[in-house]
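Asker: Take this structure, written in C-alpha coordinates, and hold onto it; I'll ask about it next.
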Amino acid sequence: MSEGRKGIPEALLEQGIRAASRAARVVLDDPRGQEVLAAAVGAAQKGKRKVEEVQGLVMRAAGLPTKGDYEDVAKSMARLKRKLRDLAKQVDGERKR
Amino acid sequence: MRFASVEWIEAVVREVNAHPDLPRALSGLGADLAAVVERDPVHFPHGAAAWGRQEGGRIVAWRALEDEDDVLEIDPAYVVRAPLTLWKELLTGKADPVQAALSGRVRVKGDLEGLVRRAGYRYIVEAALRRVETVFPDEVKR
(Lines give C-alpha, C1' and ligand atoms only; values in the text may rest on other atoms or scores of the structure.)
Protein backbone atom coordinates (compact mmCIF):
# COMPACT_ATOMS: atom_id res chain seq x y z
CA MET A 1 0.00 0.00 0.00
CA SER A 2 1.38 3.40 -0.90
CA GLU A 3 1.93 6.12 1.70
CA GLY A 4 -0.92 8.25 0.38
CA ARG A 5 -3.51 5.45 0.24
CA LYS A 6 -3.37 4.20 3.81
CA GLY A 7 -6.69 3.53 5.51
CA ILE A 8 -7.59 5.01 8.88
CA PRO A 9 -6.70 1.82 10.87
CA GLU A 10 -3.27 1.57 9.20
CA ALA A 11 -2.56 5.26 9.74
CA LEU A 12 -3.62 5.03 13.40
CA LEU A 13 -1.47 1.93 13.91
CA GLU A 14 1.51 3.64 12.32
CA GLN A 15 1.03 6.73 14.48
CA GLY A 16 0.75 4.50 17.55
CA ILE A 17 3.96 2.66 16.69
CA ARG A 18 5.75 5.96 16.13
CA ALA A 19 4.51 7.34 19.46
CA ALA A 20 5.47 4.11 21.29
CA SER A 21 8.94 4.22 19.71
CA ARG A 22 9.41 7.81 20.85
CA ALA A 23 8.27 6.89 24.36
CA ALA A 24 10.57 3.85 24.44
CA ARG A 25 13.49 6.02 23.31
CA VAL A 26 12.87 8.47 26.18
CA VAL A 27 12.67 5.59 28.67
CA LEU A 28 15.78 3.84 27.32
CA ASP A 29 17.88 7.00 27.38
CA ASP A 30 17.41 7.28 31.14
CA PRO A 31 19.17 4.62 33.30
CA ARG A 32 16.25 4.65 35.77
CA GLY A 33 13.85 4.19 32.88
CA GLN A 34 15.93 1.28 31.66
CA GLU A 35 15.71 -0.32 35.11
CA VAL A 36 11.91 0.12 35.18
CA LEU A 37 11.60 -1.27 31.67
CA ALA A 38 13.80 -4.29 32.56
CA ALA A 39 11.64 -5.00 35.63
CA ALA A 40 8.47 -4.75 33.53
CA VAL A 41 9.91 -7.11 30.92
CA GLY A 42 10.94 -9.53 33.69
CA ALA A 43 7.44 -9.47 35.19
CA ALA A 44 5.87 -10.03 31.78
CA GLN A 45 8.20 -12.98 31.08
CA LYS A 46 7.48 -14.47 34.50
CA GLY A 47 3.73 -14.14 33.85
CA LYS A 48 4.09 -15.79 30.45
CA ARG A 49 6.04 -18.69 31.98
CA LYS A 50 3.32 -19.16 34.62
CA VAL A 51 0.61 -19.22 31.94
CA GLU A 52 2.65 -21.78 29.98
CA GLU A 53 3.08 -23.93 33.10
CA VAL A 54 -0.66 -23.95 33.78
CA GLN A 55 -1.39 -24.54 30.10
CA GLY A 56 1.04 -27.48 30.19
CA LEU A 57 -0.67 -28.98 33.23
CA VAL A 58 -4.11 -28.66 31.61
CA MET A 59 -2.87 -30.14 28.32
CA ARG A 60 -1.19 -33.03 30.13
CA ALA A 61 -4.32 -33.71 32.20
CA ALA A 62 -6.29 -33.83 28.95
CA GLY A 63 -3.76 -36.28 27.50
CA LEU A 64 -2.57 -33.78 24.89
CA PRO A 65 1.04 -32.93 24.03
CA THR A 66 2.41 -29.77 25.64
CA LYS A 67 4.67 -27.08 24.17
CA GLY A 68 7.56 -28.77 26.00
CA ASP A 69 6.76 -32.09 24.30
CA TYR A 70 6.88 -30.39 20.89
CA GLU A 71 10.19 -28.77 21.82
CA ASP A 72 11.62 -32.15 22.85
CA VAL A 73 10.59 -33.65 19.51
CA ALA A 74 12.11 -30.68 17.63
CA LYS A 75 15.35 -31.14 19.59
CA SER A 76 15.48 -34.86 18.78
CA MET A 77 14.80 -34.14 15.10
CA ALA A 78 17.59 -31.54 15.03
CA ARG A 79 19.99 -34.05 16.65
CA LEU A 80 19.02 -36.69 14.09
CA LYS A 81 19.46 -34.23 11.23
CA ARG A 82 22.94 -33.29 12.46
CA LYS A 83 23.93 -36.96 12.87
CA LEU A 84 22.75 -37.72 9.33
CA ARG A 85 24.78 -34.78 8.05
CA ASP A 86 27.89 -36.03 9.91
CA LEU A 87 27.32 -39.53 8.55
CA ALA A 88 26.91 -38.24 4.99
CA LYS A 89 30.22 -36.41 5.34
CA GLN A 90 31.93 -39.57 6.57
CA VAL A 91 30.54 -41.56 3.64
CA ASP A 92 31.69 -38.86 1.21
CA GLY A 93 35.15 -38.93 2.77
CA GLU A 94 35.33 -42.73 2.46
CA ARG A 95 34.21 -42.56 -1.18
CA LYS A 96 36.88 -40.03 -2.05
CA ARG A 97 39.66 -42.29 -0.68
CA MET B 1 34.69 -9.28 5.14
CA ARG B 2 31.42 -10.88 4.24
CA PHE B 3 28.76 -10.54 6.94
CA ALA B 4 28.23 -13.76 8.96
CA SER B 5 31.20 -15.52 7.33
CA VAL B 6 33.53 -17.50 9.60
CA GLU B 7 36.26 -14.83 9.22
CA TRP B 8 33.79 -12.07 10.05
CA ILE B 9 32.53 -13.83 13.19
CA GLU B 10 36.11 -14.54 14.27
CA ALA B 11 37.05 -10.86 13.82
CA VAL B 12 33.99 -9.60 15.72
CA VAL B 13 34.61 -12.05 18.59
CA ARG B 14 38.28 -10.97 18.76
CA GLU B 15 37.32 -7.28 18.92
CA VAL B 16 34.56 -7.85 21.48
CA ASN B 17 36.90 -9.91 23.67
CA ALA B 18 39.46 -7.11 23.57
CA HIS B 19 37.09 -4.61 25.19
CA PRO B 20 37.92 -3.93 28.86
CA ASP B 21 34.23 -3.54 29.84
CA LEU B 22 33.18 -6.93 28.52
CA PRO B 23 33.49 -8.84 31.84
CA ARG B 24 31.12 -6.34 33.49
CA ALA B 25 28.64 -6.60 30.60
CA LEU B 26 28.62 -10.40 30.63
CA SER B 27 28.50 -10.80 34.40
CA GLY B 28 25.32 -12.60 35.48
CA LEU B 29 24.20 -13.45 31.95
CA GLY B 30 23.46 -16.97 30.69
CA ALA B 31 26.34 -19.11 29.44
CA ASP B 32 25.65 -19.16 25.72
CA LEU B 33 23.86 -17.43 22.87
CA ALA B 34 22.92 -18.26 19.31
CA ALA B 35 22.28 -15.62 16.67
CA VAL B 36 20.21 -16.57 13.65
CA VAL B 37 20.02 -14.59 10.42
CA GLU B 38 16.87 -15.72 8.70
CA ARG B 39 16.90 -16.64 5.04
CA ASP B 40 16.36 -13.86 2.52
CA PRO B 41 15.22 -15.30 -0.81
CA VAL B 42 17.10 -12.69 -2.81
CA HIS B 43 20.26 -11.75 -0.91
CA PHE B 44 20.77 -14.50 1.67
CA PRO B 45 19.07 -17.70 0.52
CA HIS B 46 20.78 -20.04 3.01
CA GLY B 47 20.58 -17.89 6.12
CA ALA B 48 23.23 -18.17 8.82
CA ALA B 49 23.56 -19.04 12.47
CA ALA B 50 26.34 -18.75 15.00
CA TRP B 51 26.77 -19.84 18.59
CA GLY B 52 29.04 -18.50 21.31
CA ARG B 53 29.74 -19.35 24.94
CA GLN B 54 31.03 -16.96 27.59
CA GLU B 55 33.04 -17.80 30.67
CA GLY B 56 35.09 -15.64 32.99
CA GLY B 57 34.03 -12.43 31.25
CA ARG B 58 34.99 -13.33 27.71
CA ILE B 59 33.77 -15.38 24.77
CA VAL B 60 35.69 -18.63 25.13
CA ALA B 61 34.11 -20.70 22.37
CA TRP B 62 32.18 -19.97 19.21
CA ARG B 63 31.27 -21.58 15.92
CA ALA B 64 29.30 -20.89 12.79
CA LEU B 65 26.46 -23.40 12.58
CA GLU B 66 25.98 -25.35 9.38
CA ASP B 67 22.23 -25.46 9.82
CA GLU B 68 20.03 -23.12 11.86
CA ASP B 69 18.21 -26.19 13.24
CA ASP B 70 21.44 -26.95 15.14
CA VAL B 71 20.27 -24.22 17.52
CA LEU B 72 17.43 -26.52 18.65
CA GLU B 73 19.90 -29.23 19.64
CA ILE B 74 22.31 -26.87 21.40
CA ASP B 75 19.41 -25.15 23.23
CA PRO B 76 21.43 -22.10 24.33
CA ALA B 77 20.41 -19.70 27.10
CA TYR B 78 19.59 -17.03 24.49
CA VAL B 79 18.51 -17.21 20.86
CA VAL B 80 18.31 -13.97 18.91
CA ARG B 81 16.60 -14.28 15.56
CA ALA B 82 16.01 -11.63 12.90
CA PRO B 83 15.90 -11.23 9.13
CA LEU B 84 18.97 -9.98 7.26
CA THR B 85 17.57 -6.47 6.70
CA LEU B 86 17.01 -6.00 10.41
CA TRP B 87 20.44 -7.36 11.38
CA LYS B 88 21.89 -4.82 8.99
CA GLU B 89 19.86 -2.01 10.59
CA LEU B 90 20.95 -3.15 14.06
CA LEU B 91 24.62 -3.51 13.17
CA THR B 92 24.76 -0.17 11.39
CA GLY B 93 23.03 1.60 14.28
CA LYS B 94 19.86 2.40 12.31
CA ALA B 95 17.66 0.33 14.63
CA ASP B 96 17.68 0.12 18.40
CA PRO B 97 18.14 -3.47 19.66
CA VAL B 98 15.98 -3.06 22.75
CA GLN B 99 13.15 -1.44 20.84
CA ALA B 100 13.44 -4.11 18.15
CA ALA B 101 13.25 -6.86 20.77
CA LEU B 102 10.32 -5.32 22.62
CA SER B 103 8.38 -4.74 19.42
CA GLY B 104 8.96 -8.34 18.37
CA ARG B 105 10.90 -7.43 15.21
CA VAL B 106 13.85 -9.29 16.75
CA ARG B 107 12.74 -12.52 18.36
CA VAL B 108 14.59 -13.23 21.59
CA LYS B 109 14.36 -16.49 23.49
CA GLY B 110 15.76 -16.38 27.01
CA ASP B 111 15.98 -13.88 29.83
CA LEU B 112 15.09 -10.66 28.03
CA GLU B 113 15.13 -8.77 31.33
CA GLY B 114 18.86 -9.47 31.74
CA LEU B 115 19.54 -8.27 28.21
CA VAL B 116 17.49 -5.07 28.67
CA ARG B 117 19.43 -4.33 31.86
CA ARG B 118 22.68 -4.55 29.91
CA ALA B 119 21.48 -2.47 26.96
CA GLY B 120 23.81 0.30 28.13
CA TYR B 121 26.78 -1.89 27.21
CA ARG B 122 25.84 -2.04 23.54
CA TYR B 123 28.76 0.32 22.83
CA ILE B 124 31.08 -2.72 23.21
CA VAL B 125 29.54 -4.42 20.20
CA GLU B 126 29.23 -1.13 18.31
CA ALA B 127 32.94 -0.42 18.84
CA ALA B 128 33.85 -3.93 17.71
CA LEU B 129 31.73 -3.61 14.58
CA ARG B 130 33.29 -0.26 13.71
CA ARG B 131 36.67 -1.99 13.63
CA VAL B 132 35.52 -4.91 11.48
CA GLU B 133 34.94 -4.13 7.85
CA THR B 134 31.54 -5.61 6.98
CA VAL B 135 30.11 -6.28 3.55
CA PHE B 136 26.43 -7.17 3.65
CA PRO B 137 25.06 -9.63 1.07
CA ASP B 138 22.83 -6.97 -0.51
CA GLU B 139 25.92 -4.85 -1.17
CA VAL B 140 27.81 -7.57 -3.03
CA LYS B 141 27.95 -6.92 -6.76
CA ARG B 142 26.73 -9.90 -8.75
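Ordering of the C-alpha coordinates sets the chain letters (A, B, ...); residue numbers start at 1 within each chain; ligands are numbered from 1 in the order shown.
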Output as CSV one row per residue of chain B within 9 Å of chain A: the closest atom pair and its distance in Å to one decimal place, counting only C-alpha atoms, sorted by chain and residue number ascending.
Answerer:
residue,atom,partner,partner_atom,distance
B:Asp67,CA,A:Arg82,CA,8.3
B:Asp69,CA,A:Ala78,CA,5.7
B:Asp70,CA,A:Ala78,CA,6.0
B:Val71,CA,A:Ala78,CA,8.2
B:Leu72,CA,A:Lys75,CA,5.2
B:Glu73,CA,A:Lys75,CA,4.9
B:Ile74,CA,A:Lys75,CA,8.4
B:Asp75,CA,A:Lys75,CA,8.1
B:Asp96,CA,A:Arg25,CA,8.7
B:Val98,CA,A:Leu28,CA,8.3
B:Gln99,CA,A:Ala24,CA,6.9
B:Leu102,CA,A:Val41,CA,8.5
B:Ser103,CA,A:Ser21,CA,9.0
B:Asp111,CA,A:Gly42,CA,7.7
B:Leu112,CA,A:Val41,CA,6.9
B:Glu113,CA,A:Ala38,CA,4.8
B:Gly114,CA,A:Ala38,CA,7.3
B:Leu115,CA,A:Ala38,CA,8.2
B:Val116,CA,A:Ala38,CA,5.4
B:Arg117,CA,A:Ala38,CA,5.7
B:Ala119,CA,A:Gln34,CA,8.2
B:Gly120,CA,A:Pro31,CA,8.2
Asker: Can you tell me, as a list in words, what residues are no more than 12 Å from Lys67 in chain A when counting only C-alpha atoms, ignoring any on the same chain fewer than 3 positions away?
Answerer: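 The residues that qualify are Arg49, Val51, Glu52, Glu53, Val54, Gln55, Gly56, Leu57, Val58, Met59, Arg60, Leu64, Tyr70, Glu71, Asp72, Val73 and Ala74 of chain A.
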Asker: Do you have the CA of Ala128 in chain B-CA of Pro45 in chain B distance handy?
Answerer: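 Between CA of Ala128 in chain B and CA of Pro45 in chain B the gap is 26.5 Å.
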Asker: Which of these, B:Phe3, B:Tyr123, B:Phe44, B:Trp62, has the shortest distance to Asp32 in chain B once you count only C-alpha atoms?
Answerer: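 Checking each candidate against Asp32 in chain B, we get B:Trp62 as the closest.
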Asker: Return as a PyMOL selection string the full set of residues in chain B whose backbone-based DSSP assignment is alpha helix (DSSP H).
Answerer: chain B and resi 6-17+22-26+70-74+84-91+97-102+112-117+122-131
Asker: Tell me, as number ranges by chain, which residues lie within 12 Å of Thr85 in chain B, counting only C-alpha atoms; anything in the same chain fewer than 6 positions away does not count.
Answerer: B: 3, 37-44, 47, 91-92, 94-95, 105-106, 136-139
Asker: What would the file look like if the residues just selected were written as a PDB file, in the first residue's frame with N, CA and C atoms?
Answerer:
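Wrote it out as part17.pdb, contents follow:
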ATOM      1  N   PHE B   3      29.566 -10.424   5.736  1.00  0.00           N
ATOM      2  CA  PHE B   3      28.760 -10.545   6.943  1.00  0.00           C
ATOM      3  C   PHE B   3      28.400 -12.013   7.228  1.00  0.00           C
ATOM      4  N   VAL B  37      20.413 -15.515  11.485  1.00  0.00           N
ATOM      5  CA  VAL B  37      20.025 -14.588  10.421  1.00  0.00           C
ATOM      6  C   VAL B  37      19.094 -15.382   9.513  1.00  0.00           C
ATOM      7  N   GLU B  38      17.846 -14.957   9.482  1.00  0.00           N
ATOM      8  CA  GLU B  38      16.870 -15.723   8.697  1.00  0.00           C
ATOM      9  C   GLU B  38      17.144 -15.610   7.205  1.00  0.00           C
ATOM     10  N   ARG B  39      16.671 -16.610   6.485  1.00  0.00           N
ATOM     11  CA  ARG B  39      16.897 -16.645   5.041  1.00  0.00           C
ATOM     12  C   ARG B  39      16.228 -15.463   4.349  1.00  0.00           C
ATOM     13  N   ASP B  40      16.934 -14.910   3.359  1.00  0.00           N
ATOM     14  CA  ASP B  40      16.363 -13.864   2.523  1.00  0.00           C
ATOM     15  C   ASP B  40      16.399 -14.422   1.105  1.00  0.00           C
ATOM     16  N   PRO B  41      15.232 -14.604   0.488  1.00  0.00           N
ATOM     17  CA  PRO B  41      15.219 -15.296  -0.807  1.00  0.00           C
ATOM     18  C   PRO B  41      16.118 -14.660  -1.868  1.00  0.00           C
ATOM     19  N   VAL B  42      16.305 -13.356  -1.786  1.00  0.00           N
ATOM     20  CA  VAL B  42      17.103 -12.685  -2.815  1.00  0.00           C
ATOM     21  C   VAL B  42      18.583 -12.606  -2.431  1.00  0.00           C
ATOM     22  N   HIS B  43      18.869 -12.050  -1.257  1.00  0.00           N
ATOM     23  CA  HIS B  43      20.261 -11.754  -0.912  1.00  0.00           C
ATOM     24  C   HIS B  43      20.941 -12.792  -0.017  1.00  0.00           C
ATOM     25  N   PHE B  44      20.153 -13.606   0.685  1.00  0.00           N
ATOM     26  CA  PHE B  44      20.769 -14.499   1.669  1.00  0.00           C
ATOM     27  C   PHE B  44      19.975 -15.804   1.734  1.00  0.00           C
ATOM     28  N   GLY B  47      20.597 -18.331   4.733  1.00  0.00           N
ATOM     29  CA  GLY B  47      20.585 -17.885   6.123  1.00  0.00           C
ATOM     30  C   GLY B  47      21.917 -18.163   6.794  1.00  0.00           C
ATOM     31  N   LEU B  91      23.152  -3.585  13.161  1.00  0.00           N
ATOM     32  CA  LEU B  91      24.615  -3.511  13.173  1.00  0.00           C
ATOM     33  C   LEU B  91      25.138  -2.172  12.671  1.00  0.00           C
ATOM     34  N   THR B  92      24.313  -1.478  11.881  1.00  0.00           N
ATOM     35  CA  THR B  92      24.760  -0.171  11.392  1.00  0.00           C
ATOM     36  C   THR B  92      24.184   0.968  12.249  1.00  0.00           C
ATOM     37  N   LYS B  94      21.100   1.762  12.785  1.00  0.00           N
ATOM     38  CA  LYS B  94      19.861   2.399  12.314  1.00  0.00           C
ATOM     39  C   LYS B  94      18.643   1.930  13.111  1.00  0.00           C
ATOM     40  N   ALA B  95      18.773   0.811  13.791  1.00  0.00           N
ATOM     41  CA  ALA B  95      17.664   0.327  14.627  1.00  0.00           C
ATOM     42  C   ALA B  95      18.179   0.100  16.042  1.00  0.00           C
ATOM     43  N   ARG B 105      10.232  -7.352  16.528  1.00  0.00           N
ATOM     44  CA  ARG B 105      10.898  -7.433  15.213  1.00  0.00           C
ATOM     45  C   ARG B 105      12.099  -8.379  15.314  1.00  0.00           C
ATOM     46  N   VAL B 106      12.801  -8.311  16.450  1.00  0.00           N
ATOM     47  CA  VAL B 106      13.847  -9.294  16.747  1.00  0.00           C
ATOM     48  C   VAL B 106      13.232 -10.261  17.730  1.00  0.00           C
ATOM     49  N   PHE B 136      27.702  -6.453   3.558  1.00  0.00           N
ATOM     50  CA  PHE B 136      26.435  -7.172   3.652  1.00  0.00           C
ATOM     51  C   PHE B 136      26.080  -7.791   2.300  1.00  0.00           C
ATOM     52  N   PRO B 137      25.357  -8.919   2.336  1.00  0.00           N
ATOM     53  CA  PRO B 137      25.059  -9.631   1.074  1.00  0.00           C
ATOM     54  C   PRO B 137      24.363  -8.759   0.027  1.00  0.00           C
ATOM     55  N   ASP B 138      23.530  -7.811   0.478  1.00  0.00           N
ATOM     56  CA  ASP B 138      22.828  -6.971  -0.508  1.00  0.00           C
ATOM     57  C   ASP B 138      23.738  -5.899  -1.102  1.00  0.00           C
ATOM     58  N   GLU B 139      24.983  -5.836  -0.615  1.00  0.00           N
ATOM     59  CA  GLU B 139      25.922  -4.853  -1.171  1.00  0.00           C
ATOM     60  C   GLU B 139      26.918  -5.508  -2.121  1.00  0.00           C
TER      61      GLU B 139
END
